[in-house]
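Written out below as structure tokens is the structure these notes cover.
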Amino acid sequence: MPELPEVQTTVNGLKKVLPGLKILDVWTDLAVKKPSLRHFDDTIKNLNFFNIFKKEVIGSKVVSAERRAKNILINLSNEKTILIHLKMTGHLLYGKYKKTTAMAGQVKNEWEPAEDGPLNDPYNRFIHVVFSFSNGKHLAFCDSRKFGKVTLIKEGELKTTKHLKDIGPEPLDRNFDLKKFKNRIKERPTGRIKNVLMDQNIIAGIGNIYSDEMLWMSGIHPEEKVRNITDEKFKKMFDAMKEVLKKGISLGGDSMSDYRNILGKRGEFQLHHRAYQRKGEKCSKPGCKGVIMRIVVGGRSAHFCPVHQKLWKH
DNA sequence: ACTAGCCCCTGGGAGC
DNA sequence: TGCTCCCAGGGGCTAG
């Protein structure tokens with residue numbers, strides 16, 4: 001599940017390869033397959049709008065790439081920005097692709113990695129959008145469940161677009177200190193901490209994996225009400241948040257599921273899970289005798305240790 | 001303010 | 001081998 005560390009890993013890769021490249025073409029299969037181009041969001045919801053998108057980006061150069069929350073922003077020389085949200089199963093792949101057009105009498109119109117392209121991993125085969133660049137390489141948007149979105153943001157609308165305007169502060173910003181963290185979280189005093197941490201409008205970029213991990217580390221039950229959390233616990237949770245997100249980035253993200261970096265390679269954070277997807281396993285906290293369990297919180301699975309992550313008692 | 005529930009979507013795993 | 005059923009979940013949405 002792409003969360004902040006996975007999106008950052010992708011953006012770190014894009015920063016190295018995209019700036020200066022001119023976009024020559026854009027292809028999608030979403031135009032010919034039902035249910036059309038919902039992936040291109042409001043402004044680009046049908047083929048006509050995809051053609052507008054194409055017209056807007058072809059011929060411009062990539063200036064820079066950045067991350068905001070779980071969104072990838074690719075800034076273009078025409079002062080527009082391509083916004084990509086990977087949602088659950090999306091990732092971007094950079095390298096050489098070849099287009100296959102015909103097979104067994106049927107018109108096929110798909111792309112596959114060339115030998116020197118991104119790794120031909122089974123999870124890298126769901127290609128739905130391909131950008132072609134002036135250096136002969138491609139950027140492919142791969143997304144098995146097709147939840148991801150591609151949008152074009154016009155000049156001056158980055159601050160006001162609905163995709164970004166309500167997003168909370170970046171947890172790894174130097175300026176984002178314990179006091180600000182606490183104030184943001186406490187805006188939802190009756191909320192359950194797991195839900196509040198994953199609310200993008202409170203803090204940006206945290207999803208199911210990293211919220212489970214930071215709560216495990218700080219010894220807080222995922223259903224704990226925010227108003228019950230002590231200052232001491234806030235400090236632990238804040239430190240755990242920074243640690244776990246930085247660790248995720250340094251390990252190249254989490255590839256327990258289908259996330260891959262832009263070269264098609266796995267990250268390694270999944271090898272360091274303490275809670276997420278460890279239901280039934282012994283808690284790895286030294287001295288703790290708990291067994292990790294799974295419950296549903298806010299419609300999402302939450303994994304935690306019932307021994308060292310107890311609910312506050314009244 | 002908050003929650004539950006539904007929806008988008010489809011590969012993969014379990015069960016038969 | 002192949003069928004059916006269920007699950008995963010980010011985020012948008014509605015209804016309560």
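Each chain in the structure tokens gets a letter, A, B and so on, in the order shown; residues start at 1 in every chain, and ligands are counted from 1 in the order they appear.
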
TODO: Check stretch 4-181 of chain A with DSSP on the backbone and list each residue it calls strand (DSSP E or B), as number ranges by chain.
DONE: A: 22-28, 61-68, 71-76, 81-85, 90-95, 97-103, 106-113, 127-133, 138-143, 149-153

Task: chain C contacts to chain A at 12 Å (only C-alpha atoms (C1' of nucleotides)) as an MDAnalysis selection string - done: chainID C and resid 7:12

Restricted to N, CA and C atoms (P, O5', C5', C4', C3', O3' and C1' of nucleotides), what would the selected residues look like written as a PDB file, in the first residue's frame?
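The resulting file, again.pdb, is shown below:
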ATOM      1  P    DC C   7     -14.533 -12.043   3.790  1.00  0.00           P
ATOM      2  O5'  DC C   7     -13.059 -11.451   3.626  1.00  0.00           O
ATOM      3  C5'  DC C   7     -11.935 -12.319   3.680  1.00  0.00           C
ATOM      4  C4'  DC C   7     -10.765 -11.636   3.023  1.00  0.00           C
ATOM      5  C3'  DC C   7     -10.644 -10.154   3.381  1.00  0.00           C
ATOM      6  O3'  DC C   7      -9.448  -9.957   4.105  1.00  0.00           O
ATOM      7  C1'  DC C   7     -10.376 -10.531   1.028  1.00  0.00           C
ATOM      8  P    DA C   8      -9.237  -8.670   4.968  1.00  0.00           P
ATOM      9  O5'  DA C   8      -8.304  -7.760   4.052  1.00  0.00           O
ATOM     10  C5'  DA C   8      -7.002  -8.224   3.712  1.00  0.00           C
ATOM     11  C4'  DA C   8      -6.443  -7.329   2.647  1.00  0.00           C
ATOM     12  C3'  DA C   8      -6.731  -5.855   2.893  1.00  0.00           C
ATOM     13  O3'  DA C   8      -5.642  -5.286   3.596  1.00  0.00           O
ATOM     14  C1'  DA C   8      -7.179  -6.484   0.607  1.00  0.00           C
ATOM     15  P    DG C   9      -5.927  -4.340   4.792  1.00  0.00           P
ATOM     16  O5'  DG C   9      -6.074  -2.918   4.128  1.00  0.00           O
ATOM     17  C5'  DG C   9      -5.032  -2.403   3.307  1.00  0.00           C
ATOM     18  C4'  DG C   9      -5.634  -1.395   2.386  1.00  0.00           C
ATOM     19  C3'  DG C   9      -6.372  -0.253   3.136  1.00  0.00           C
ATOM     20  O3'  DG C   9      -5.981   0.988   2.588  1.00  0.00           O
ATOM     21  C1'  DG C   9      -7.724  -1.168   1.466  1.00  0.00           C
ATOM     22  P    DG C  10      -5.055   1.905   3.428  1.00  0.00           P
ATOM     23  O5'  DG C  10      -5.108   3.206   2.525  1.00  0.00           O
ATOM     24  C5'  DG C  10      -4.293   3.336   1.364  1.00  0.00           C
ATOM     25  C4'  DG C  10      -4.774   4.506   0.544  1.00  0.00           C
ATOM     26  C3'  DG C  10      -5.262   5.706   1.339  1.00  0.00           C
ATOM     27  O3'  DG C  10      -4.905   6.871   0.608  1.00  0.00           O
ATOM     28  C1'  DG C  10      -7.094   4.753   0.154  1.00  0.00           C
ATOM     29  P    DG C  11      -5.261   8.268   1.193  1.00  0.00           P
ATOM     30  O5'  DG C  11      -6.718   8.562   0.649  1.00  0.00           O
ATOM     31  C5'  DG C  11      -6.912   8.647  -0.744  1.00  0.00           C
ATOM     32  C4'  DG C  11      -8.395   8.730  -1.031  1.00  0.00           C
ATOM     33  C3'  DG C  11      -9.158   9.777  -0.216  1.00  0.00           C
ATOM     34  O3'  DG C  11      -9.987  10.443  -1.127  1.00  0.00           O
ATOM     35  C1'  DG C  11     -10.297   7.770  -0.174  1.00  0.00           C
ATOM     36  P    DG C  12     -10.349  11.948  -1.001  1.00  0.00           P
ATOM     37  O5'  DG C  12     -11.755  12.037  -1.733  1.00  0.00           O
ATOM     38  C5'  DG C  12     -11.951  11.327  -2.954  1.00  0.00           C
ATOM     39  C4'  DG C  12     -13.400  10.904  -3.051  1.00  0.00           C
ATOM     40  C3'  DG C  12     -14.386  11.900  -2.434  1.00  0.00           C
ATOM     41  O3'  DG C  12     -15.414  12.145  -3.367  1.00  0.00           O
ATOM     42  C1'  DG C  12     -14.784   9.727  -1.579  1.00  0.00           C
TER      43       DG C  12
END

Contacts of C:DC6 at 12 Å (only C-alpha atoms (C1' of nucleotides); same-chain gap of 5+ positions) as a short mmCIF file (atom, residue, chain, number, x, y, z; two decimals) with C-alpha atoms (C1' of nucleotides), in the first residue's frame:
data_model
loop_
_atom_site.label_atom_id
_atom_site.label_comp_id
_atom_site.auth_asym_id
_atom_site.auth_seq_id
_atom_site.Cartn_x
_atom_site.Cartn_y
_atom_site.Cartn_z
"C1'" DG B 12 -4.67 -14.07 -5.26
"C1'" DG B 13 -5.76 -17.38 -1.87
"C1'" DA B 14 -8.93 -20.70 0.28
"C1'" DG B 15 -12.33 -24.14 -0.11
#

Distance filter 9 Å, only C-alpha atoms (C1' of nucleotides), chain A against chain B, as an mmCIF file with N, CA and C atoms, in the first residue's frame:
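iface_33.cif, written as the output of this step:
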data_model
loop_
_atom_site.group_PDB
_atom_site.id
_atom_site.type_symbol
_atom_site.label_atom_id
_atom_site.label_comp_id
_atom_site.auth_asym_id
_atom_site.auth_seq_id
_atom_site.Cartn_x
_atom_site.Cartn_y
_atom_site.Cartn_z
ATOM 1 N N SER A 144 -2.846 -2.655 -10.637
ATOM 2 C CA SER A 144 -3.690 -3.821 -10.887
ATOM 3 C C SER A 144 -5.160 -3.556 -10.575
ATOM 4 N N ARG A 145 -5.442 -2.801 -9.539
ATOM 5 C CA ARG A 145 -6.853 -2.596 -9.206
ATOM 6 C C ARG A 145 -7.449 -1.312 -9.769
ATOM 7 N N LYS A 146 -6.641 -0.572 -10.445
ATOM 8 C CA LYS A 146 -7.128 0.619 -11.145
ATOM 9 C C LYS A 146 -7.855 1.622 -10.239
ATOM 10 N N PHE A 147 -7.331 1.776 -9.030
ATOM 11 C CA PHE A 147 -7.884 2.802 -8.148
ATOM 12 C C PHE A 147 -7.140 4.118 -8.323
ATOM 13 N N ARG A 188 -9.150 16.143 17.113
ATOM 14 C CA ARG A 188 -10.162 15.075 17.080
ATOM 15 C C ARG A 188 -10.176 14.360 18.423
ATOM 16 N N THR A 190 -12.344 13.066 20.365
ATOM 17 C CA THR A 190 -13.142 11.858 20.593
ATOM 18 C C THR A 190 -12.885 10.783 19.539
ATOM 19 N N GLY A 191 -11.989 11.074 18.617
ATOM 20 C CA GLY A 191 -11.674 10.099 17.578
ATOM 21 C C GLY A 191 -10.777 8.995 18.114
ATOM 22 N N GLY A 298 -12.522 1.450 11.968
ATOM 23 C CA GLY A 298 -12.889 2.365 10.888
ATOM 24 C C GLY A 298 -12.876 1.689 9.532
ATOM 25 N N GLY A 299 -13.282 0.428 9.501
ATOM 26 C CA GLY A 299 -13.348 -0.291 8.236
ATOM 27 C C GLY A 299 -12.010 -0.777 7.720
#

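Going from atom CA of A:Glu115 to atom CA of A:Leu18 covers 20.4 Å.
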
- [ ] Fewer than 3 positions away in the same chain doesn't count, so skip those; otherwise give me all residues within 9 Å of A:Asn75, counting only C-alpha atoms (C1' of nucleotides), as JSON, numbers by chain.
- [x] {"A": [61, 62, 63, 64, 65, 66, 78, 79, 80, 81, 82, 83]}

Task: Non-local contacts of A:Phe131 (7 Å; only C-alpha atoms (C1' of nucleotides); under 2 positions in same chain excluded) as an MDAnalysis selection string - done: chainID A and resid 23 25:27 129 133 138:140

TODO: Write out as a PyMOL selection string all residues of stretch 210-264 of chain A that DSSP puts in alpha helix (DSSP H) for this structure's backbone.
DONE: chain A and resi 210-218+231-250

TODO: Find the spatial neighbours of A:Asn261, counting only C-alpha atoms (C1' of nucleotides), within a cut-off of 10 Å - ignore same-chain residues fewer than 5 positions away - and output them as a ChimeraX atom specification.
DONE: /A:6-14,91-94,118,252-255,266-267

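Across the structure, atom CA of A:Gly136 and atom CA of A:Glu56 are spaced 20.1 Å apart.
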
Open item on the list: Which residues are close to stretch 213-224 of chain A, i.e. within 9 Å by only C-alpha atoms (C1' of nucleotides), leaving aside same-chain residues fewer than 2 positions away? Reply as a ChimeraX atom specification.
Closed with: /A:191-195,208-211,226-229,233-245,273-276,285,297,302-306,308-312

TODO: May I ask for the distance between atom CA of A:Ala204 and atom CA of A:Tyr259, given in Å to one decimal place?
DONE: 19.2 Å
